[in-house]
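Source file: coords-v3.txt (compact mmCIF, C-alpha atoms and all ligand atoms)
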# COMPACT_ATOMS: atom_id res chain seq x y z
CA MET J 1 73.64 -12.22 -100.12
CA GLU J 2 76.11 -15.05 -100.34
CA ASN J 3 77.78 -16.43 -97.28
CA LEU J 4 81.16 -16.84 -98.97
CA ASP J 5 83.27 -17.65 -95.94
CA ASN J 6 81.30 -20.82 -95.31
CA GLN J 7 81.78 -23.81 -97.58
CA TYR J 8 78.08 -24.50 -97.64
CA LEU J 9 74.78 -23.14 -96.42
CA LEU J 10 73.15 -25.13 -93.65
CA LEU J 11 69.54 -25.66 -94.61
CA THR J 12 69.18 -27.66 -91.42
CA PRO J 13 67.31 -25.76 -88.77
CA GLY J 14 69.69 -26.01 -85.86
CA PRO J 15 72.49 -25.29 -86.10
CA LEU J 16 71.88 -23.09 -89.08
CA SER J 17 73.89 -20.65 -91.18
CA THR J 18 74.88 -17.59 -89.20
CA SER J 19 76.24 -14.26 -90.37
CA ARG J 20 79.93 -13.60 -90.39
CA THR J 21 79.44 -10.80 -87.86
CA VAL J 22 77.74 -13.20 -85.43
CA ARG J 23 80.69 -15.58 -85.72
CA GLU J 24 83.18 -12.75 -85.36
CA ALA J 25 81.57 -11.69 -82.09
CA MET J 26 83.15 -14.83 -80.59
CA LEU J 27 86.72 -13.70 -81.18
CA ARG J 28 87.45 -12.62 -77.63
CA ASP J 29 87.17 -14.05 -74.14
CA TRP J 30 84.91 -12.80 -71.39
CA CYS J 31 85.17 -12.84 -67.65
CA THR J 32 81.96 -14.12 -66.09
CA TRP J 33 82.44 -12.01 -62.94
CA ASP J 34 82.44 -8.63 -64.64
CA ASP J 35 79.57 -6.28 -65.31
CA GLU J 36 80.63 -5.97 -68.94
CA TYR J 37 79.58 -9.58 -69.37
CA ASN J 38 76.80 -10.09 -66.85
CA LYS J 39 75.08 -6.73 -66.79
CA ASP J 40 75.81 -5.48 -70.29
CA ILE J 41 75.33 -8.73 -72.18
CA VAL J 42 73.42 -11.35 -70.18
CA GLU J 43 70.99 -8.95 -68.55
CA ALA J 44 70.48 -7.08 -71.81
CA ILE J 45 69.68 -10.35 -73.56
CA ARG J 46 67.25 -11.41 -70.83
CA LYS J 47 65.38 -8.13 -71.10
CA GLN J 48 65.33 -8.15 -74.91
CA LEU J 49 64.03 -11.71 -75.00
CA VAL J 50 61.04 -10.78 -72.86
CA GLU J 51 60.36 -7.76 -75.07
CA LEU J 52 60.53 -9.96 -78.14
CA ALA J 53 58.09 -12.46 -76.64
CA THR J 54 55.38 -10.12 -75.40
CA GLY J 55 54.23 -6.59 -74.73
CA ALA J 56 52.55 -7.80 -71.53
CA GLU J 57 53.81 -7.22 -68.01
CA GLY J 58 54.75 -9.97 -65.60
CA TYR J 59 57.18 -12.02 -67.71
CA THR J 60 60.81 -12.84 -67.02
CA SER J 61 63.46 -14.95 -68.74
CA VAL J 62 66.04 -17.56 -67.79
CA LEU J 63 68.98 -18.71 -69.92
CA MET J 64 70.11 -22.32 -69.56
CA GLN J 65 73.29 -24.07 -70.75
CA GLY J 66 72.97 -26.94 -73.21
CA SER J 67 71.10 -27.65 -76.41
CA GLY J 68 67.42 -26.78 -76.69
CA THR J 69 66.37 -30.09 -75.17
CA ALA J 70 68.13 -29.18 -71.92
CA SER J 71 65.86 -26.14 -71.62
CA VAL J 72 62.78 -28.26 -72.34
CA GLU J 73 63.91 -30.78 -69.73
CA ALA J 74 64.72 -27.99 -67.25
CA THR J 75 61.21 -26.59 -67.69
CA ILE J 76 59.30 -29.87 -67.48
CA GLY J 77 61.46 -31.06 -64.56
CA SER J 78 61.32 -27.80 -62.60
CA ILE J 79 57.76 -26.53 -62.84
CA ILE J 80 55.49 -29.55 -62.42
CA PRO J 81 54.87 -30.27 -58.74
CA GLN J 82 54.97 -33.81 -57.30
CA GLN J 83 51.17 -34.02 -57.47
CA GLY J 84 50.99 -32.48 -60.93
CA LYS J 85 50.11 -34.16 -64.21
CA LEU J 86 51.28 -33.20 -67.68
CA LEU J 87 49.25 -33.53 -70.87
CA VAL J 88 51.49 -33.71 -73.94
CA VAL J 89 50.25 -32.97 -77.45
CA ASN J 90 52.35 -35.21 -79.69
CA ASN J 91 52.42 -34.82 -83.45
CA GLY J 92 56.09 -35.30 -84.13
CA ALA J 93 59.52 -36.15 -82.76
CA TYR J 94 59.72 -33.09 -80.53
CA GLY J 95 56.31 -33.64 -78.97
CA GLU J 96 57.38 -37.25 -78.48
CA ARG J 97 60.54 -36.04 -76.74
CA ILE J 98 58.51 -34.04 -74.19
CA GLY J 99 56.68 -37.27 -73.33
CA GLN J 100 60.03 -39.07 -72.98
CA ILE J 101 61.28 -36.39 -70.62
CA ALA J 102 58.19 -36.83 -68.42
CA GLN J 103 58.79 -40.58 -68.50
CA TYR J 104 62.47 -40.27 -67.50
CA LEU J 105 61.65 -37.86 -64.70
CA ASN J 106 58.77 -39.98 -63.39
CA ILE J 107 56.24 -37.25 -63.95
CA GLU J 108 52.64 -38.34 -64.22
CA HIS J 109 51.55 -37.70 -67.80
CA THR J 110 49.15 -38.46 -70.65
CA ILE J 111 50.05 -38.18 -74.31
CA ILE J 112 47.66 -37.29 -77.11
CA GLU J 113 49.11 -39.29 -80.01
CA LEU J 114 48.13 -37.68 -83.28
CA GLY J 115 50.66 -39.13 -85.69
CA GLU J 116 52.83 -36.75 -87.66
CA VAL J 117 50.53 -35.18 -90.20
CA VAL J 118 47.54 -34.24 -88.05
CA GLN J 119 47.02 -31.07 -86.02
CA PRO J 120 45.53 -31.13 -82.54
CA ASN J 121 41.82 -30.48 -82.40
CA ALA J 122 40.53 -28.01 -79.79
CA ALA J 123 37.34 -29.94 -79.02
CA GLN J 124 39.24 -33.19 -78.49
CA LEU J 125 41.76 -31.43 -76.26
CA ALA J 126 38.98 -29.82 -74.21
CA ASP J 127 37.37 -33.20 -73.80
CA ILE J 128 40.54 -34.82 -72.48
CA ILE J 129 41.21 -32.01 -70.02
CA ASP J 130 37.61 -31.95 -68.80
CA ASN J 131 37.63 -35.70 -68.20
CA ASP J 132 40.90 -35.79 -66.28
CA PRO J 133 40.90 -33.28 -63.41
CA ALA J 134 44.41 -34.43 -62.39
CA ILE J 135 45.91 -32.60 -65.39
CA THR J 136 47.66 -29.41 -64.27
CA HIS J 137 49.98 -28.62 -67.21
CA VAL J 138 49.74 -28.89 -71.00
CA ALA J 139 52.77 -28.95 -73.33
CA MET J 140 52.84 -28.55 -77.09
CA VAL J 141 55.37 -27.81 -79.81
CA HIS J 142 54.67 -24.68 -81.87
CA CYS J 143 56.46 -25.53 -85.13
CA GLU J 144 57.00 -29.31 -85.31
CA THR J 145 60.40 -29.37 -86.97
CA THR J 146 59.88 -33.08 -87.77
CA THR J 147 57.55 -32.19 -90.63
CA GLY J 148 57.31 -28.39 -90.73
CA MET J 149 53.80 -28.44 -89.23
CA LEU J 150 52.68 -25.23 -87.55
CA ASN J 151 50.40 -26.15 -84.67
CA PRO J 152 47.28 -24.06 -83.95
CA VAL J 153 48.64 -22.31 -80.89
CA GLU J 154 45.77 -19.82 -80.40
CA ALA J 155 43.05 -22.48 -80.37
CA VAL J 156 45.03 -24.71 -78.03
CA CYS J 157 45.88 -21.88 -75.63
CA ASP J 158 42.19 -20.88 -75.58
CA VAL J 159 41.22 -24.33 -74.36
CA VAL J 160 44.07 -24.63 -71.87
CA LYS J 161 43.76 -21.16 -70.36
CA SER J 162 39.96 -21.23 -70.15
CA ARG J 163 40.45 -24.29 -67.92
CA ASN J 164 43.12 -22.59 -65.83
CA LYS J 165 45.89 -25.02 -66.73
CA ILE J 166 49.54 -24.07 -67.13
CA MET J 167 50.56 -23.79 -70.79
CA ILE J 168 54.07 -24.79 -71.89
CA LEU J 169 55.07 -24.07 -75.49
CA ASP J 170 58.17 -25.49 -77.19
CA ALA J 171 58.70 -22.65 -79.67
CA MET J 172 62.25 -23.77 -80.36
CA SER J 173 62.15 -23.46 -84.13
CA SER J 174 59.66 -20.58 -84.39
CA PHE J 175 60.55 -17.97 -81.76
CA GLY J 176 62.01 -14.91 -83.46
CA GLY J 177 60.86 -16.10 -86.88
CA ILE J 178 57.07 -16.14 -86.48
CA PRO J 179 55.25 -13.28 -84.73
CA LEU J 180 53.73 -14.45 -81.46
CA ASP J 181 52.71 -12.57 -78.30
CA ILE J 182 52.87 -15.10 -75.48
CA GLY J 183 51.22 -12.71 -73.04
CA LYS J 184 48.16 -12.32 -75.28
CA LEU J 185 47.85 -16.10 -75.53
CA GLY J 186 48.38 -16.59 -71.80
CA ILE J 187 51.38 -18.90 -72.32
CA ASP J 188 53.08 -19.52 -68.98
CA PHE J 189 56.38 -20.99 -70.16
CA MET J 190 57.87 -20.68 -73.63
CA ILE J 191 61.11 -22.39 -74.59
CA SER J 192 63.54 -21.69 -77.42
CA SER J 193 67.27 -21.81 -78.10
CA ALA J 194 70.17 -19.75 -79.42
CA ASN J 195 70.72 -21.52 -82.71
CA LYS J 196 67.31 -21.29 -84.39
CA CYS J 197 65.41 -18.22 -85.61
CA ILE J 198 67.45 -15.71 -83.59
CA GLN J 199 70.35 -16.99 -85.74
CA GLY J 200 72.93 -17.43 -83.02
CA VAL J 201 75.34 -20.33 -82.55
CA PRO J 202 74.52 -23.41 -80.43
CA GLY J 203 75.23 -23.65 -76.71
CA PHE J 204 72.25 -22.51 -74.68
CA GLY J 205 68.49 -22.30 -74.56
CA PHE J 206 66.10 -19.95 -72.81
CA VAL J 207 62.73 -19.91 -71.15
CA ILE J 208 60.37 -16.94 -71.04
CA ALA J 209 58.10 -17.41 -68.06
CA ARG J 210 55.24 -15.79 -66.25
CA GLN J 211 57.04 -14.61 -63.16
CA ASP J 212 54.26 -15.44 -60.70
CA GLU J 213 54.21 -19.03 -61.97
CA LEU J 214 58.00 -19.38 -61.90
CA GLU J 215 58.02 -18.08 -58.33
CA LYS J 216 55.98 -21.11 -57.29
CA CYS J 217 58.66 -23.52 -58.53
CA LYS J 218 61.18 -23.34 -55.71
CA GLY J 219 62.30 -26.83 -54.71
CA ARG J 220 60.37 -28.63 -57.45
CA ALA J 221 63.34 -29.45 -59.70
CA ARG J 222 64.27 -33.06 -60.29
CA SER J 223 67.82 -32.17 -61.38
CA LEU J 224 70.43 -29.88 -59.87
CA SER J 225 72.03 -28.49 -63.03
CA LEU J 226 68.65 -28.15 -64.76
CA ASP J 227 66.89 -26.35 -61.90
CA LEU J 228 65.14 -23.55 -63.77
CA TYR J 229 64.06 -21.73 -60.62
CA ASP J 230 67.53 -21.74 -59.11
CA GLN J 231 69.12 -20.54 -62.33
CA TRP J 232 66.55 -17.74 -62.49
CA GLN J 233 67.20 -16.75 -58.87
CA CYS J 234 70.93 -16.67 -59.47
CA MET J 235 70.51 -14.43 -62.52
CA GLU J 236 67.98 -12.18 -60.78
CA ASN J 237 70.01 -11.73 -57.61
CA ASN J 238 73.46 -11.40 -59.17
CA HIS J 239 72.85 -9.22 -62.24
CA GLY J 240 72.90 -11.96 -64.83
CA LYS J 241 75.30 -14.41 -63.22
CA TRP J 242 74.91 -18.03 -64.35
CA ARG J 243 75.16 -20.72 -61.66
CA PHE J 244 77.73 -22.81 -63.49
CA THR J 245 80.16 -22.10 -66.36
CA SER J 246 78.33 -19.97 -68.85
CA PRO J 247 78.90 -20.42 -72.61
CA THR J 248 80.42 -16.93 -72.89
CA HIS J 249 81.30 -16.90 -76.58
CA THR J 250 77.92 -18.27 -77.57
CA VAL J 251 76.21 -15.70 -75.39
CA ARG J 252 78.22 -12.85 -76.91
CA ALA J 253 77.39 -14.11 -80.40
CA PHE J 254 73.73 -14.28 -79.43
CA TYR J 255 73.83 -10.66 -78.31
CA GLN J 256 75.10 -9.75 -81.78
CA ALA J 257 72.41 -11.93 -83.37
CA MET J 258 69.72 -10.09 -81.38
CA GLN J 259 71.08 -6.79 -82.69
CA GLU J 260 70.98 -8.13 -86.23
CA LEU J 261 67.39 -9.27 -85.78
CA HIS J 262 66.55 -5.74 -84.69
CA GLU J 263 68.43 -4.25 -87.68
CA GLU J 264 66.56 -6.53 -90.06
CA GLY J 265 63.32 -4.98 -88.82
CA GLY J 266 62.37 -7.35 -86.01
CA VAL J 267 60.36 -10.55 -86.01
CA GLU J 268 57.85 -9.38 -88.62
CA ALA J 269 60.58 -8.62 -91.18
CA ARG J 270 62.35 -11.88 -90.46
CA TYR J 271 59.06 -13.74 -90.82
CA GLN J 272 58.55 -12.12 -94.24
CA ARG J 273 62.01 -13.23 -95.36
CA TYR J 274 61.49 -16.79 -94.13
CA ALA J 275 58.01 -16.98 -95.65
CA SER J 276 59.26 -15.78 -99.03
CA ASN J 277 62.22 -18.20 -98.83
CA GLN J 278 59.80 -21.04 -98.23
CA LYS J 279 57.48 -19.98 -101.06
CA ILE J 280 60.39 -19.88 -103.51
CA LEU J 281 61.54 -23.27 -102.26
CA VAL J 282 58.16 -24.98 -102.60
CA ALA J 283 57.33 -23.41 -105.97
CA GLY J 284 60.75 -24.41 -107.32
CA MET J 285 60.55 -27.94 -105.95
CA GLU J 286 57.04 -28.49 -107.29
CA LYS J 287 58.21 -27.34 -110.70
CA LEU J 288 60.93 -30.00 -110.53
CA GLY J 289 58.27 -32.60 -109.70
CA PHE J 290 58.70 -32.92 -105.91
CA LYS J 291 55.67 -33.16 -103.63
CA CYS J 292 55.29 -31.71 -100.12
CA LEU J 293 54.35 -34.06 -97.29
CA LEU J 294 51.98 -31.57 -95.69
CA ASP J 295 49.13 -29.60 -97.11
CA LYS J 296 50.02 -25.89 -97.47
CA SER J 297 47.37 -24.96 -94.90
CA LEU J 298 49.30 -26.81 -92.19
CA HIS J 299 52.69 -25.40 -93.05
CA SER J 300 55.20 -23.24 -91.21
CA PRO J 301 57.64 -20.99 -93.08
CA ILE J 302 60.57 -22.75 -91.34
CA ILE J 303 61.23 -26.18 -92.80
CA THR J 304 59.53 -28.29 -95.46
CA SER J 305 59.33 -32.08 -95.86
CA PHE J 306 59.33 -33.43 -99.41
CA TYR J 307 58.55 -36.97 -100.47
CA SER J 308 61.62 -38.76 -101.76
CA PRO J 309 61.61 -39.42 -105.52
CA GLU J 310 60.25 -42.87 -106.35
CA ALA J 311 62.94 -43.71 -108.93
CA ASP J 312 64.89 -46.87 -108.03
CA GLU J 313 68.19 -45.10 -108.59
CA TYR J 314 67.40 -42.42 -106.01
CA GLU J 315 69.37 -42.57 -102.80
CA PHE J 316 69.31 -39.78 -100.21
CA LYS J 317 73.00 -39.96 -99.39
CA MET J 318 74.01 -39.54 -103.03
CA PHE J 319 71.62 -36.61 -103.51
CA TYR J 320 72.84 -35.08 -100.25
CA ASN J 321 76.50 -35.33 -101.27
CA LEU J 322 75.87 -33.84 -104.70
CA LEU J 323 74.08 -30.88 -103.13
CA LYS J 324 76.76 -30.43 -100.51
CA GLU J 325 79.38 -30.17 -103.26
CA LYS J 326 77.25 -27.42 -104.75
CA GLY J 327 77.16 -25.56 -101.43
CA PHE J 328 73.94 -26.70 -99.74
CA VAL J 329 73.38 -29.05 -96.83
CA ILE J 330 69.88 -30.50 -96.54
CA TYR J 331 68.27 -32.69 -93.87
CA PRO J 332 67.23 -36.33 -93.90
CA GLY J 333 63.57 -37.06 -93.17
CA LYS J 334 62.33 -37.72 -89.66
CA VAL J 335 58.79 -38.86 -90.39
CA SER J 336 58.26 -42.49 -89.39
CA ASN J 337 55.77 -43.64 -91.99
CA ALA J 338 56.78 -41.73 -95.12
CA ASP J 339 60.02 -41.59 -97.07
CA CYS J 340 60.98 -37.92 -97.02
CA PHE J 341 63.79 -35.44 -96.88
CA ARG J 342 63.66 -31.96 -95.41
CA ILE J 343 64.90 -28.54 -96.41
CA GLY J 344 65.04 -25.70 -93.91
CA ASN J 345 64.92 -22.09 -94.98
CA ILE J 346 65.82 -20.25 -91.78
CA GLY J 347 69.15 -18.69 -90.81
CA ASP J 348 71.30 -16.27 -92.74
CA VAL J 349 69.66 -17.43 -95.95
CA TYR J 350 67.99 -15.19 -98.51
CA ASN J 351 65.65 -15.41 -101.50
CA ALA J 352 68.59 -15.48 -103.91
CA ASP J 353 70.06 -18.45 -102.01
CA MET J 354 66.81 -20.36 -102.42
CA ARG J 355 66.86 -19.71 -106.16
CA ARG J 356 70.46 -20.93 -106.35
CA LEU J 357 69.38 -23.98 -104.37
CA ILE J 358 66.64 -24.84 -106.85
CA ASP J 359 69.17 -24.65 -109.70
CA ALA J 360 71.56 -26.85 -107.72
CA ILE J 361 68.81 -29.39 -107.05
CA GLU J 362 67.84 -29.49 -110.69
CA SER J 363 71.42 -30.29 -111.66
CA ALA J 364 71.75 -32.85 -108.83
CA MET J 365 68.75 -34.93 -109.96
CA TYR J 366 70.93 -37.72 -111.25
CA TRP J 367 68.01 -40.15 -111.34
CA VAL J 368 66.04 -38.38 -114.09
C1 LIG J 401 65.60 -27.98 -82.35
C2 LIG J 401 64.40 -28.30 -81.58
C3 LIG J 401 64.47 -28.74 -80.23
C4 LIG J 401 65.76 -28.90 -79.48
O1 LIG J 401 66.69 -29.65 -80.10
P1 LIG J 401 68.20 -29.69 -79.61
O2 LIG J 401 68.83 -30.63 -80.57
O3 LIG J 401 68.23 -30.18 -78.21
O4 LIG J 401 68.73 -28.29 -79.69
C5 LIG J 401 63.29 -28.94 -79.55
N1 LIG J 401 62.10 -28.76 -80.14
C6 LIG J 401 61.99 -28.35 -81.42
C7 LIG J 401 60.63 -28.14 -81.99
C8 LIG J 401 63.13 -28.12 -82.18
O5 LIG J 401 63.01 -27.71 -83.45
Conversion result in structure tokens:
Amino acid sequence: MENLDNQYLLLTPGPLSTSRTVREAMLRDWCTWDDEYNKDIVEAIRKQLVELATGAEGYTSVLMQGSGTASVEATIGSIIPQQGKLLVVNNGAYGERIGQIAQYLNIEHTIIELGEVVQPNAAQLADIIDNDPAITHVAMVHCETTTGMLNPVEAVCDVVKSRNKIMILDAMSSFGGIPLDIGKLGIDFMISSANKCIQGVPGFGFVIARQDELEKCKGRARSLSLDLYDQWQCMENNHGKWRFTSPTHTVRAFYQAMQELHEEGGVEARYQRYASNQKILVAGMEKLGFKCLLDKSLHSPIITSFYSPEADEYEFKMFYNLLKEKGFVIYPGKVSNADCFRIGNIGDVYNADMRRLIDAIESAMYWV
């Protein structure tokens, strides 16, 4: 299905290409005091998000203004007590960012530095936790959008939960696109945002939390506007009311995007589409002579890093512009020690689009 009203497809995971119907849902204004916004849209979204995240009881959700990072910062800054200590698993820019947030907020923390092409190892993680009894919370990214790495969330949660630590998962670029039951894994706080696999437009993030853990967080926040507990209380006690100006149009578009996810067949169906998109992408690219940064066994079906061509004439910007003229926007690399570029395959993007992309890339290879 071609997205003809857009000049190009965004193969950049966040923001990404959205459907016309999601964009059209923004064509009216909403009053934030009325039930038709708060009860019928915000509360419905909060409930649906929990249902999407788990079949288990005891979970609740909070929506938070800002880009995804604001929701990560709200979580880290609001749930770790003064005496707490955070262990951060870092194998990419987003893991690194969690460490930076802890640093900014003066939260005691330790970082496991793995580099960008290595997955965390359960035994090593267990060892670190067992040797540092001060650690209370562990944070990890699910799909590291830096490279496309899918981290081993089950094995990590096993270690963390068997030691009774609080598990925080940044599932920004995977939630809604990769099946995951956070209740089964014992995840306490999971963070994602509107403009990734749910295929909404940017403007807010959300946190799905174990309610008994969130209840303990009163007064812990290190920021007023990013107080996760307070935002949750406001929504709980006032039928979906946000504390401060809510991004109404974005929220309404998200409601439409949730409906479209349901119509597609839910997370499993979306996962199948993304996975087949990524397979077509990688097979096509390999045929053209490109090489993936990561081994297939480490890969998510969300975004793929490719090594840049070695030809002297190759220049990313030139390649990027040629592809953009042909209707596709790709992503520069973000890996520090390898020259790469990235192509995302999430959003309102289908198998036929990936095949068109491969043809466009072939004709844009001006260096061969
Ligand atoms: C997109 C993303 C974020 C948040 O990025 P923002 O630019 O703040 O929306 C955080 N973590 C991961 C893994 C992401 O992919």
Restricting to all atoms listed in the file, whichever of J:Ser17, J:Gln231, J:Thr110, J:Asn345 is closest to J:Asn195 is J:Ser17
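Relative to atom CA of J:Asn106, atom CA of J:Asn91 is found at 21.7 Å.
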Could you please give me, as a ChimeraX atom specification, the residues of protein, DNA or RNA lying at most 6 Å from (80.9, -12.6, -82.5) in the coordinate frame of the file, considering all atoms listed in the file? /J:21-26,253
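Relative to atom CA of J:Leu125, atom CA of J:Leu226 is found at 29.4 Å.
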Residues at most 8 Å from J:Thr146, counting only C-alpha atoms, excluding those fewer than 4 positions away in the same chain, as an mmCIF file with C-alpha atoms, in the coordinates of the input?
data_model
loop_
_atom_site.group_PDB
_atom_site.id
_atom_site.type_symbol
_atom_site.label_atom_id
_atom_site.label_comp_id
_atom_site.auth_asym_id
_atom_site.auth_seq_id
_atom_site.Cartn_x
_atom_site.Cartn_y
_atom_site.Cartn_z
ATOM 1 C CA GLY J 92 56.090 -35.300 -84.130
ATOM 2 C CA ALA J 93 59.520 -36.150 -82.760
ATOM 3 C CA TYR J 94 59.720 -33.090 -80.530
ATOM 4 C CA GLU J 116 52.830 -36.750 -87.660
ATOM 5 C CA GLY J 333 63.570 -37.060 -93.170
ATOM 6 C CA LYS J 334 62.330 -37.720 -89.660
ATOM 7 C CA VAL J 335 58.790 -38.860 -90.390
#
Using the file's own x, y and z axes, what box holds all listed atoms of stretch 207-221 of chain J with 3 Å on each side, keeping edges along x, y and z, and what are its centre and edge lengths in Å to one decimal, as JSON?
{"center_x": 58.8, "center_y": -22.0, "center_z": -62.9, "size_x": 15.1, "size_y": 20.8, "size_z": 22.4}
Excluding stretch 240-244 of chain J and its own-chain neighbours fewer than 3 positions away, which residues fall within 8 Å of it when counting all atoms listed in the file? Please give them as a count of residues only. 11
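Across the model, the gap from atom CA of J:Ile129 to atom CA of J:Val160 is 8.1 Å.
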Contact residues around J:Ser300 with all atoms listed in the file at 9 Å, ignoring same-chain residues under 6 positions, as a CSV table (one decimal) with C-alpha atoms, in the frame of the given file:
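Dumped to out.csv:
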chain,number,residue,atom,x,y,z
J,143,CYS,CA,56.5,-25.5,-85.1
J,144,GLU,CA,57.0,-29.3,-85.3
J,148,GLY,CA,57.3,-28.4,-90.7
J,149,MET,CA,53.8,-28.4,-89.2
J,150,LEU,CA,52.7,-25.2,-87.6
J,151,ASN,CA,50.4,-26.2,-84.7
J,174,SER,CA,59.7,-20.6,-84.4
J,178,ILE,CA,57.1,-16.1,-86.5
J,275,ALA,CA,58.0,-17.0,-95.6
J,278,GLN,CA,59.8,-21.0,-98.2
When the cut-off is 10 Å and you count all atoms listed in the file, which residues lie near ligand LIG 401 (chain J), shown as a ChimeraX atom specification? /J:12-15,66-73,92-98,140-146,148-149,169-174,191-196,202-205,302-303
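Distance annotation: of J:Leu294, J:Ala56, J:Leu288, J:Asn321, the residue with the minimal separation from J:Asp359 is J:Leu288; atom set is all atoms listed in the file.
The closest residue to J:His299, picked from J:Thr147, J:Asn164, J:Thr60, J:Ser336 and counting all atoms listed in the file, is J:Thr147.
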Complete the atoms of stretch 187-205 of chain J to N, CA and C atoms and put them out as a JSON list (two decimals), in the frame of the given file.
[["chain", "number", "residue", "atom", "x", "y", "z"],
["J", 187, "ILE", "N", 50.37, -17.83, -72.46],
["J", 187, "ILE", "CA", 51.38, -18.90, -72.32],
["J", 187, "ILE", "C", 52.21, -18.64, -71.06],
["J", 188, "ASP", "N", 52.37, -19.68, -70.25],
["J", 188, "ASP", "CA", 53.08, -19.52, -68.98],
["J", 188, "ASP", "C", 54.58, -19.73, -69.13],
["J", 189, "PHE", "N", 54.96, -20.71, -69.94],
["J", 189, "PHE", "CA", 56.38, -20.99, -70.16],
["J", 189, "PHE", "C", 56.61, -21.24, -71.65],
["J", 190, "MET", "N", 57.53, -20.48, -72.22],
["J", 190, "MET", "CA", 57.87, -20.68, -73.63],
["J", 190, "MET", "C", 59.37, -20.94, -73.74],
["J", 191, "ILE", "N", 59.71, -21.95, -74.53],
["J", 191, "ILE", "CA", 61.11, -22.39, -74.59],
["J", 191, "ILE", "C", 61.64, -22.23, -76.01],
["J", 192, "SER", "N", 62.88, -21.72, -76.11],
["J", 192, "SER", "CA", 63.54, -21.69, -77.42],
["J", 192, "SER", "C", 65.05, -21.77, -77.19],
["J", 193, "SER", "N", 65.82, -21.69, -78.27],
["J", 193, "SER", "CA", 67.27, -21.81, -78.10],
["J", 193, "SER", "C", 68.03, -20.86, -79.02],
["J", 194, "ALA", "N", 69.33, -20.76, -78.77],
["J", 194, "ALA", "CA", 70.17, -19.75, -79.42],
["J", 194, "ALA", "C", 70.34, -19.96, -80.92],
["J", 195, "ASN", "N", 70.30, -21.22, -81.34],
["J", 195, "ASN", "CA", 70.72, -21.52, -82.71],
["J", 195, "ASN", "C", 69.57, -21.77, -83.68],
["J", 196, "LYS", "N", 68.40, -21.16, -83.41],
["J", 196, "LYS", "CA", 67.31, -21.29, -84.39],
["J", 196, "LYS", "C", 67.01, -19.90, -84.96],
["J", 197, "CYS", "N", 65.77, -19.42, -84.85],
["J", 197, "CYS", "CA", 65.41, -18.22, -85.61],
["J", 197, "CYS", "C", 66.09, -16.93, -85.15],
["J", 198, "ILE", "N", 66.69, -16.91, -83.98],
["J", 198, "ILE", "CA", 67.45, -15.71, -83.59],
["J", 198, "ILE", "C", 68.77, -15.70, -84.36],
["J", 199, "GLN", "N", 69.15, -16.86, -84.89],
["J", 199, "GLN", "CA", 70.35, -16.99, -85.74],
["J", 199, "GLN", "C", 71.66, -16.82, -84.99],
["J", 200, "GLY", "N", 71.68, -17.37, -83.77],
["J", 200, "GLY", "CA", 72.93, -17.43, -83.02],
["J", 200, "GLY", "C", 73.58, -18.79, -83.21],
["J", 201, "VAL", "N", 74.66, -19.03, -82.47],
["J", 201, "VAL", "CA", 75.34, -20.33, -82.55],
["J", 201, "VAL", "C", 74.88, -21.20, -81.38],
["J", 202, "PRO", "N", 75.03, -22.54, -81.48],
["J", 202, "PRO", "CA", 74.52, -23.41, -80.43],
["J", 202, "PRO", "C", 75.25, -23.28, -79.10],
["J", 203, "GLY", "N", 74.58, -23.65, -78.02],
["J", 203, "GLY", "CA", 75.23, -23.65, -76.71],
["J", 203, "GLY", "C", 74.31, -23.36, -75.53],
["J", 204, "PHE", "N", 73.19, -22.70, -75.79],
["J", 204, "PHE", "CA", 72.25, -22.51, -74.68],
["J", 204, "PHE", "C", 70.83, -22.34, -75.19],
["J", 205, "GLY", "N", 69.90, -22.52, -74.28],
["J", 205, "GLY", "CA", 68.49, -22.30, -74.56],
["J", 205, "GLY", "C", 67.96, -21.26, -73.59]]
